[in-house]
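Next up, start.txt (compact mmCIF, C-alpha atoms and all ligand atoms):
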```
# COMPACT_ATOMS: atom_id res chain seq x y z
CA MET A 29 16.11 25.77 -33.03
CA ASN A 30 16.22 22.59 -35.04
CA LYS A 31 17.36 19.49 -33.30
CA LYS A 32 18.37 16.50 -35.32
CA VAL A 33 17.11 13.29 -33.84
CA ILE A 34 18.67 10.10 -35.07
CA HIS A 35 16.38 7.12 -34.72
CA LYS A 36 18.05 3.79 -34.32
CA SER A 37 16.62 0.73 -36.02
CA GLY A 38 16.52 -2.91 -35.05
CA LYS A 39 14.27 -5.70 -33.88
CA CYS A 40 11.35 -4.60 -31.74
CA ILE A 41 11.06 -6.70 -28.56
CA TYR A 42 7.28 -6.96 -28.89
CA CYS A 43 6.57 -7.62 -32.57
CA GLY A 44 10.00 -8.92 -33.54
CA ASN A 45 10.05 -6.88 -36.72
CA GLU A 46 13.02 -4.94 -37.95
CA LYS A 47 11.84 -1.38 -37.45
CA ARG A 48 12.75 2.09 -36.51
CA PHE A 49 12.64 2.44 -32.74
CA SER A 50 10.59 5.03 -30.91
CA ARG A 51 11.44 6.79 -27.67
CA GLU A 52 9.69 5.04 -24.84
CA HIS A 53 8.94 7.01 -21.66
CA TYR A 54 9.08 4.12 -19.21
CA LEU A 55 7.86 6.52 -16.56
CA PRO A 56 4.73 7.87 -18.27
CA GLU A 57 4.93 11.44 -19.49
CA CYS A 58 1.68 12.22 -17.69
CA LEU A 59 3.62 12.09 -14.41
CA GLY A 60 5.66 15.07 -15.56
CA LYS A 61 9.15 15.67 -16.89
CA PHE A 62 12.00 14.79 -14.54
CA LYS A 63 15.49 16.20 -14.80
CA GLY A 64 17.94 13.38 -15.47
CA PHE A 65 15.33 11.06 -16.94
CA GLU A 66 16.22 9.29 -20.18
CA THR A 67 13.86 7.42 -22.46
CA LEU A 68 14.33 3.81 -23.59
CA ASP A 69 15.30 4.38 -27.21
CA ASP A 70 16.43 1.11 -28.75
CA ARG A 71 13.92 -1.66 -28.06
CA ILE A 72 10.38 -0.79 -29.07
CA CYS A 73 8.90 0.27 -32.42
CA LYS A 74 6.46 3.09 -32.79
CA GLU A 75 3.36 0.90 -33.27
CA CYS A 76 4.07 -1.30 -30.27
CA ASN A 77 4.92 1.72 -28.17
CA GLY A 78 1.56 3.20 -29.10
CA HIS A 79 -0.23 -0.02 -28.30
CA CYS A 80 1.40 -0.98 -25.01
CA GLY A 81 2.17 2.52 -23.85
CA ARG A 82 -0.40 5.17 -24.42
CA GLN A 83 -3.46 2.92 -24.30
CA LEU A 84 -2.55 1.54 -20.92
CA GLU A 85 -1.18 4.79 -19.59
CA ASP A 86 -4.33 6.70 -20.34
CA GLN A 87 -6.16 4.77 -17.65
CA PHE A 88 -3.19 4.58 -15.29
CA CYS A 89 -2.88 8.37 -15.28
CA ARG A 90 -6.55 9.33 -15.06
CA ALA A 91 -8.24 6.64 -13.01
CA GLY A 92 -7.70 5.16 -9.59
CA ASP A 93 -5.37 6.46 -6.92
CA ILE A 94 -2.83 7.73 -9.47
CA GLY A 95 -5.49 9.80 -11.25
CA PHE A 96 -6.66 11.12 -7.90
CA LEU A 97 -3.28 12.27 -6.63
CA ARG A 98 -2.14 13.53 -9.99
CA TYR A 99 -5.22 15.71 -10.29
CA GLY A 100 -5.04 16.96 -6.71
CA LEU A 101 -1.39 17.87 -7.12
CA GLY A 102 -1.96 19.44 -10.54
CA ILE A 103 0.65 17.29 -12.27
CA GLU A 104 0.37 17.62 -16.02
CA GLY A 105 1.98 15.80 -18.88
CA LYS A 106 2.60 17.34 -22.25
CA LYS A 107 1.75 21.00 -22.37
CA GLY A 108 -1.93 21.80 -22.62
CA SER A 109 -3.07 18.22 -23.07
CA GLU A 110 -4.90 18.00 -19.76
CA LYS A 111 -8.57 18.72 -20.15
CA VAL A 112 -10.01 15.65 -18.50
CA ASN A 113 -11.57 15.88 -15.06
CA PRO A 114 -11.32 12.31 -13.64
CA PHE A 115 -14.32 13.04 -11.39
CA GLU A 116 -16.44 13.58 -14.47
CA ARG A 117 -15.08 11.11 -16.94
CA GLY A 118 -13.64 7.60 -16.80
CA SER A 119 -10.72 6.56 -18.92
CA SER A 120 -10.23 3.56 -21.23
CA GLY A 121 -12.98 1.51 -19.63
CA SER A 122 -12.66 2.69 -16.02
CA SER A 123 -15.38 4.64 -14.25
CA PRO A 124 -14.94 8.22 -13.00
CA LEU A 125 -13.55 8.75 -9.51
CA LYS A 126 -16.31 8.97 -6.94
CA MET A 127 -15.53 11.14 -3.94
CA LYS A 128 -18.10 11.18 -1.18
CA GLY A 129 -18.43 13.29 1.91
CA LYS A 130 -21.00 14.67 4.29
CA PRO A 131 -20.68 18.43 4.52
CA SER A 132 -24.28 18.83 5.71
CA GLU A 133 -26.49 16.47 7.68
CA GLN A 134 -29.61 16.91 5.61
CA ASP A 135 -28.56 15.23 2.40
CA GLY A 136 -26.44 12.50 3.84
CA GLU A 137 -23.43 11.71 1.72
CA ILE A 138 -23.04 13.75 -1.41
CA GLN A 139 -20.55 13.60 -4.21
CA LEU A 140 -17.61 15.93 -4.18
CA GLN A 141 -14.57 16.55 -6.33
CA LEU A 142 -11.01 17.65 -5.80
CA VAL A 143 -10.07 21.09 -6.95
CA LYS A 144 -7.31 20.54 -9.47
CA GLY A 145 -3.86 21.39 -8.19
CA SER A 146 -5.21 22.47 -4.81
CA ARG A 147 -2.97 20.29 -2.67
CA ASP A 148 -1.27 22.59 -0.24
CA GLY A 149 0.91 20.68 2.16
CA ARG A 150 -1.43 18.42 4.05
CA ARG A 151 -4.65 20.04 2.91
CA VAL A 152 -6.44 19.59 -0.33
CA GLY A 153 -9.28 21.63 -1.77
CA VAL A 154 -12.64 19.98 -2.29
CA ASP A 155 -15.67 21.35 -4.10
CA TYR A 156 -19.25 20.31 -4.72
CA ILE A 157 -20.14 18.61 -7.95
CA SER A 158 -23.50 19.47 -9.56
CA GLN A 159 -26.00 16.72 -8.81
CA VAL A 160 -29.61 15.98 -8.02
CA ILE A 161 -30.55 13.83 -5.07
CA LEU A 162 -33.72 11.88 -5.68
CA HIS A 163 -35.70 10.63 -2.66
CA THR A 164 -38.27 8.01 -3.63
CA GLU A 165 -41.47 7.26 -1.75
CA SER A 166 -40.08 3.90 -0.77
CA GLY A 167 -37.16 5.62 0.95
CA GLU A 168 -34.41 5.03 -1.60
CA ILE A 169 -31.93 7.80 -2.37
CA HIS A 170 -30.29 8.17 -5.79
CA HIS A 171 -27.63 10.64 -6.82
CA VAL A 172 -27.44 11.72 -10.42
CA LEU A 173 -24.48 13.83 -11.52
CA LEU A 174 -25.23 16.66 -13.91
CA THR A 175 -21.70 16.79 -15.28
CA LYS A 176 -21.56 16.68 -19.04
CA MET A 177 -25.35 17.16 -19.38
CA THR A 178 -26.59 20.19 -21.25
CA GLU A 179 -30.31 19.53 -21.68
CA ALA A 180 -33.18 18.61 -19.37
CA GLU A 181 -33.93 15.71 -21.70
CA GLU A 182 -30.65 14.05 -20.80
CA LEU A 183 -31.58 14.09 -17.14
CA ARG A 184 -35.04 12.73 -17.91
CA ALA A 185 -33.50 9.86 -19.89
CA LYS A 186 -31.06 9.14 -17.09
CA ILE A 187 -33.84 8.94 -14.50
CA GLU A 188 -35.89 6.65 -16.72
CA GLU A 189 -32.87 4.43 -17.09
CA LEU A 190 -32.63 4.14 -13.30
CA ASN A 191 -36.18 2.82 -13.24
CA ILE A 192 -36.98 4.12 -9.77
CA GLY A 193 -40.37 4.48 -8.14
CA LYS A 194 -42.35 7.61 -7.42
CA LEU A 195 -40.32 10.58 -6.21
CA LYS A 196 -41.02 12.22 -2.91
CA GLN A 197 -38.40 14.90 -2.90
CA VAL A 198 -35.67 16.24 -5.17
CA ASN A 199 -32.68 18.23 -3.99
CA LEU A 200 -30.27 20.02 -6.26
CA ILE A 201 -26.70 20.72 -5.25
CA THR A 202 -24.62 22.99 -7.41
CA PRO A 203 -21.68 25.33 -7.00
CA GLU A 204 -22.71 28.93 -7.67
CA ALA A 205 -20.62 29.03 -10.85
CA ASP A 206 -22.57 26.13 -12.34
CA ARG A 207 -26.00 27.19 -11.09
CA GLU A 208 -27.44 28.52 -14.33
CA ARG A 209 -26.60 25.36 -16.26
CA ALA A 210 -27.82 23.10 -13.44
CA GLU A 211 -31.17 24.93 -13.23
CA LYS A 212 -31.70 24.57 -16.96
CA ILE A 213 -31.12 20.82 -16.81
CA THR A 214 -33.34 20.35 -13.77
CA ALA A 215 -36.25 22.28 -15.32
CA ILE A 216 -38.05 18.92 -15.52
CA PHE A 217 -38.75 19.33 -11.81
CA PRO A 218 -40.94 22.47 -11.66
CA GLU A 219 -41.00 22.25 -7.88
CA LEU A 220 -37.27 22.98 -7.78
CA ALA A 221 -37.88 26.44 -9.23
CA GLU A 222 -40.11 27.24 -6.26
CA ALA A 223 -37.82 25.74 -3.69
CA LYS A 224 -35.50 27.91 -1.69
CA TRP A 225 -31.73 27.78 -1.92
CA GLU A 226 -29.72 26.88 1.08
CA ASN A 227 -26.06 27.55 1.26
CA LEU A 228 -23.95 24.54 2.03
CA PRO A 229 -20.73 25.20 3.92
CA MET A 230 -18.03 26.66 1.67
CA SER A 231 -15.22 26.32 4.14
CA GLY A 232 -14.31 24.00 6.92
CA GLU A 233 -13.11 20.46 7.00
CA THR A 234 -14.85 17.30 6.03
CA PHE A 235 -13.98 13.64 5.89
CA THR A 236 -14.20 12.26 2.43
CA ARG A 237 -13.62 8.90 0.86
CA THR A 238 -13.04 8.21 -2.78
CA GLU A 239 -14.13 5.12 -4.66
CA PHE A 240 -12.63 4.03 -7.90
CA GLU A 241 -12.40 1.03 -10.10
CA VAL A 242 -9.81 0.17 -12.65
CA THR A 243 -9.46 -2.55 -15.25
CA ASP A 244 -6.49 -4.77 -16.06
CA LYS A 245 -5.03 -1.92 -18.13
CA TYR A 246 -4.06 -0.18 -14.92
CA PHE A 247 -1.96 -3.16 -13.79
CA ARG A 248 -0.53 -3.74 -17.24
CA ALA A 249 0.63 -0.12 -17.25
CA ILE A 250 2.42 -0.75 -13.94
CA ALA A 251 3.97 -3.94 -15.37
CA LYS A 252 5.13 -1.95 -18.39
CA ILE A 253 6.78 0.69 -16.24
CA GLY A 254 8.58 -2.00 -14.23
CA PHE A 255 9.71 -4.03 -17.23
CA HIS A 256 10.92 -1.05 -19.24
CA TYR A 257 12.67 0.37 -16.18
CA VAL A 258 14.60 -2.91 -15.94
CA LEU A 259 15.50 -2.77 -19.63
CA LYS A 260 16.75 0.78 -19.27
CA HIS A 261 18.78 0.23 -16.12
CA PHE A 262 20.02 -3.33 -16.59
CA PRO A 263 21.83 -3.31 -19.92
CA HIS A 264 22.41 -7.04 -19.42
CA PHE A 265 18.96 -7.61 -20.84
CA ARG A 266 17.59 -6.80 -24.25
CA GLY A 267 13.96 -7.64 -23.48
CA ASP A 268 13.30 -10.15 -26.23
CA GLU A 269 14.74 -13.10 -24.26
CA GLU A 270 12.47 -16.08 -23.74
CA MET A 271 12.33 -15.52 -19.97
CA PHE A 272 10.46 -12.26 -20.62
CA ALA A 273 7.85 -13.82 -22.93
CA GLY A 274 5.27 -13.93 -20.12
CA ILE A 275 5.60 -10.29 -19.04
CA ARG A 276 5.66 -9.11 -22.66
CA ASN A 277 2.42 -10.96 -23.35
CA PHE A 278 0.79 -9.66 -20.17
CA ILE A 279 1.66 -6.07 -21.03
CA PHE A 280 0.65 -6.38 -24.65
CA ASN A 281 -2.43 -8.61 -24.42
CA GLY A 282 -3.41 -8.98 -20.77
CA GLY A 283 -3.71 -12.10 -18.62
CA PRO A 284 -3.98 -13.10 -14.97
CA ILE A 285 -2.97 -9.98 -13.03
CA GLN A 286 -1.79 -11.76 -9.88
CA ASP A 287 0.79 -13.73 -11.85
CA TYR A 288 2.62 -10.51 -12.63
CA VAL A 289 1.47 -7.67 -10.39
CA THR A 290 0.79 -7.87 -6.66
CA TRP A 291 0.61 -5.16 -4.02
CA SER A 292 1.25 -4.82 -0.31
CA ASN A 293 2.30 -2.41 2.40
CA LYS A 294 5.82 -3.77 2.44
CA GLN A 295 7.84 -0.60 2.00
CA ILE A 296 10.68 -0.09 -0.44
CA ILE A 297 12.37 2.50 1.71
CA GLU A 298 13.27 1.32 5.19
CA GLN A 299 12.74 4.77 6.76
CA ILE A 300 9.06 4.82 5.79
CA LYS A 301 8.44 1.86 8.11
CA ASN A 302 9.83 3.94 10.96
CA GLY A 303 7.36 6.74 10.42
CA TYR A 304 9.49 8.97 8.24
CA CYS A 305 7.68 10.70 5.39
CA PRO A 306 9.22 12.68 2.55
CA THR A 307 8.38 16.39 2.51
CA THR A 308 7.61 16.36 -1.20
CA PHE A 309 5.75 13.90 -3.39
CA GLY A 310 7.57 11.47 -5.60
CA HIS A 311 7.77 8.00 -7.09
CA VAL A 312 10.10 5.21 -6.07
CA ILE A 313 11.22 2.38 -8.34
CA LEU A 314 13.53 -0.42 -7.30
CA ALA A 315 14.50 -3.40 -9.42
CA ARG A 316 16.57 -6.45 -8.78
CA ALA A 317 17.77 -9.35 -10.86
CA ASN A 318 19.45 -12.42 -9.44
CA GLU A 319 19.67 -16.10 -10.15
CA HIS A 320 16.09 -16.69 -9.00
CA LEU A 321 14.04 -13.77 -10.11
CA VAL A 322 13.84 -10.46 -11.92
CA TRP A 323 11.44 -8.14 -10.14
CA CYS A 324 10.59 -4.50 -9.74
CA ARG A 325 8.88 -2.67 -6.92
CA LEU A 326 7.08 0.58 -7.57
CA GLN A 327 5.42 3.17 -5.38
CA PHE A 328 3.70 6.19 -6.89
CA PHE A 329 3.04 9.47 -5.07
CA LEU A 330 4.79 8.71 -1.83
CA GLY A 331 4.65 12.01 0.00
CA PRO A 332 3.61 14.04 3.05
CA ASP A 333 1.12 11.92 5.02
CA THR A 334 0.69 9.72 1.99
CA VAL A 335 2.09 6.20 1.98
CA PRO A 336 0.54 4.37 -0.97
CA LEU A 337 0.61 0.65 -1.65
CA VAL A 338 3.77 -0.83 -3.09
CA PHE A 339 3.38 -2.78 -6.33
CA LYS A 340 5.59 -5.70 -7.10
CA VAL A 341 6.02 -6.77 -10.69
CA VAL A 342 7.47 -10.21 -11.34
CA ILE A 343 9.33 -9.78 -14.60
CA ALA A 344 11.01 -13.17 -14.94
CA GLN A 345 11.10 -16.18 -12.68
CA ASN A 346 12.02 -19.86 -12.61
CA LYS A 347 15.71 -19.25 -12.30
CA PRO A 348 16.56 -17.08 -15.27
CA THR A 349 20.05 -18.23 -16.20
CA LEU A 350 22.00 -15.40 -14.71
CA LEU A 351 25.22 -15.35 -12.85
CA TYR A 352 24.85 -12.02 -11.20
CA ASP A 353 22.89 -10.12 -8.62
CA ILE A 354 22.14 -6.55 -9.63
CA THR A 355 20.00 -3.82 -8.12
CA SER A 356 18.89 -0.43 -9.36
CA GLY A 357 16.73 2.12 -7.60
CA HIS A 358 15.53 5.63 -8.40
CA HIS A 359 13.47 8.32 -6.78
CA PHE A 360 11.55 10.79 -8.93
CA SER A 361 10.75 13.71 -6.66
CA TYR A 362 8.60 16.67 -7.57
CA TYR A 363 9.72 20.27 -7.23
CA GLU A 364 7.35 22.71 -5.61
CA GLU A 365 6.79 24.16 -9.05
CA VAL A 366 8.11 23.71 -12.58
CA LYS A 367 11.81 24.65 -12.74
CA ASP A 368 13.67 25.04 -16.06
CA GLY A 369 10.93 23.05 -17.75
CA PHE A 370 11.16 20.18 -15.28
CA ARG A 371 8.48 19.11 -12.84
CA GLY A 372 10.99 17.30 -10.66
CA ILE A 373 14.29 15.49 -10.52
CA MET A 374 15.36 11.88 -10.83
CA ASP A 375 17.92 10.64 -8.31
CA THR A 376 19.45 7.30 -7.56
CA LEU A 377 17.95 5.70 -4.53
CA ASN A 378 20.50 5.65 -1.77
CA TRP A 379 18.81 3.10 0.39
CA ILE A 380 19.17 0.15 -1.87
CA HIS A 381 21.47 -1.73 0.49
CA LYS A 382 18.44 -2.05 2.75
CA ALA A 383 16.18 -3.25 -0.02
CA PRO A 384 13.99 -6.26 0.59
CA THR A 385 15.64 -9.35 -0.78
CA ASN A 386 12.75 -11.04 -2.50
ZN ZN B 401 6.96 -3.59 -32.50
```

Would you mind writing the file's structure down as structure tokens?
Amino acid sequence: MNKKVIHKSGKCIYCGNEKRFSREHYLPECLGKFKGFETLDDRICKECNGHCGRQLEDQFCRAGDIGFLRYGLGIEGKKGSEKVNPFERGSSGSSPLKMKGKPSEQDGEIQLQLVKGSRDGRRVGVDYISQVILHTESGEIHHVLLTKMTEAEELRAKIEELNIGKLKQVNLITPEADRERAEKITAIFPELAEAKWENLPMSGETFTRTEFEVTDKYFRAIAKIGFHYVLKHFPHFRGDEEMFAGIRNFIFNGGPIQDYVTWSNKQIIEQIKNGYCPTTFGHVILARANEHLVWCRLQFFLGPDTVPLVFKVVIAQNKPTLLYDITSGHHFSYYEEVKDGFRGIMDTLNWIHKAPTN
């Protein structure tokens, strides 16, 4: 079926040029398609959308807590575009997610990874990640991941790069499915071939913690979501007004994060404070504009036993000359599985009368 799409033209709020607008997914497509969601179609040109959207969103979706939960829940964006394992590869300048746990006493903490889409209610599947554990004579322990390596030479180069002292012992950890590849790479340690395999526990429960680091792109992506949400839901604003010059520049070029994006445990939804938790995962966005401030609060992947930080984006301040007080809130909740092509549904937030006032 052919669908005719009419593109509107006009002045882009970022570059100011008269151009054909592109469809901006203010809630990134990588979070899935929500029934009832509409793109922002008449403010941003294709080039600026590419620059301030996809570049920032790549990191937002694959690194940090968002990348972690998205992967664990198996949320995918456009069909078939998801090949990246965030435990193996960083994104746009961020490092890969590092999940650590202690399934056996002998090796201390080892690196683990989530099994994609394995979240089942309160439990989530975890697997080993192929790695060597190097014990030096001076008692240091180094972990080297074998992900992405294909040759023994790559491992040798990596160890040289680490510049560690004489090795006392080397342990190899690998899931059975990856064993052949891992043994080929670790052929530089002949003693490993002689060593005996021990089976690490394949079931049971373990405490894990995950480390991640993100760059300013992550926060600029959040600022972009907040700003474009406001433009979509408050038709009073066009986005090119002078009072938005700061947020536009932060999104487009970067700048001091704390001037625009802060985070806290101050909940958007009153019920969360009282111990209530939604039964499905979802995102909450709430925006408000009054005579003092235009702001947006965002919480991603609020769900069963999961109460993430709340981000606050200051979109305009210093008394923007407004005569009104307006609020808009939405909840994007995931279905158990894809339904009619949608991953979830967008609803208006019904709790906005209890929204925080600043
Ligand atoms: Zn533009």

Quiz item: With only C-alpha atoms and all ligand atoms as the basis for distance, which of A:Phe96, A:Phe62, A:Phe49, A:Phe278 is at the shortest distance from ligand ZN 401 (chain B)?
Solution: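 Of A:Phe96, A:Phe62, A:Phe49, A:Phe278, the one nearest ligand ZN 401 (chain B), counting only C-alpha atoms and all ligand atoms, is A:Phe49.
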
Which residues, written as a list in words, have at least one atom at most 7 Å from Ile72 in chain A, with all atoms listed in the file counted and residues fewer than 5 positions away on the same chain left out?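 My reading of the contact set: Cys40, Ile41, Tyr42, Phe49, Ser50 and Asn77 of chain A.
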
Check: Leaving out range 303-309 of chain A and any residue of its chain fewer than 6 positions from it, which residues lie within 12 Å of it when counting all atoms listed in the file, given as an NGL selection string?
Finding: :A and (59 or 97-98 or 100-103 or 147-150 or 295 or 297 or 327-336 or 359-365 or 371-373)

- Query: So how many Å separate CA of Ala180 in chain A and CA of Ser119 in chain A, to one decimal?
  - Reply: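 Distance reported for this atom pair: 25.5 Å.
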
Pairwise distance for CA of Val258 in chain A and CA of Arg276 in chain A, rounded to one decimal in Å:
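Taking CA of Val258 in chain A and CA of Arg276 in chain A, their separation equals 12.8 Å.
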
The residue from A:Leu183, A:Leu68, A:Cys76, A:Met177 with the smallest atom-to-atom distance to ligand ZN 401 (chain B), counting only C-alpha atoms and all ligand atoms, is A:Cys76

Per-residue nearest contacts of chain A to ligand ZN 401 (chain B) (12 Å; all atoms listed in the file) as a tab-separated table:
```
residue	atom	partner	partner_atom	distance
A:Ser37	CA	B:ZN401	ZN	11.2
A:Gly38	CA	B:ZN401	ZN	9.9
A:Lys39	CA	B:ZN401	ZN	7.7
A:Cys40	CA	B:ZN401	ZN	4.6
A:Ile41	CA	B:ZN401	ZN	6.5
A:Tyr42	CA	B:ZN401	ZN	4.9
A:Cys43	CA	B:ZN401	ZN	4.0
A:Gly44	CA	B:ZN401	ZN	6.2
A:Asn45	CA	B:ZN401	ZN	6.2
A:Glu46	CA	B:ZN401	ZN	8.3
A:Lys47	CA	B:ZN401	ZN	7.3
A:Arg48	CA	B:ZN401	ZN	9.0
A:Phe49	CA	B:ZN401	ZN	8.3
A:Ser50	CA	B:ZN401	ZN	9.5
A:Glu52	CA	B:ZN401	ZN	11.9
A:Asp70	CA	B:ZN401	ZN	11.2
A:Arg71	CA	B:ZN401	ZN	8.5
A:Ile72	CA	B:ZN401	ZN	5.6
A:Cys73	CA	B:ZN401	ZN	4.3
A:Lys74	CA	B:ZN401	ZN	6.7
A:Glu75	CA	B:ZN401	ZN	5.8
A:Cys76	CA	B:ZN401	ZN	4.3
A:Asn77	CA	B:ZN401	ZN	7.1
A:Gly78	CA	B:ZN401	ZN	9.3
A:His79	CA	B:ZN401	ZN	9.1
A:Cys80	CA	B:ZN401	ZN	9.7
A:Gly81	CA	B:ZN401	ZN	11.6
A:Asp268	CA	B:ZN401	ZN	11.1
A:Arg276	CA	B:ZN401	ZN	11.4
A:Phe280	CA	B:ZN401	ZN	10.5
```

From CA of Thr178 in chain A to CA of Ser158 in chain A the spacing works out at 12.1 Å
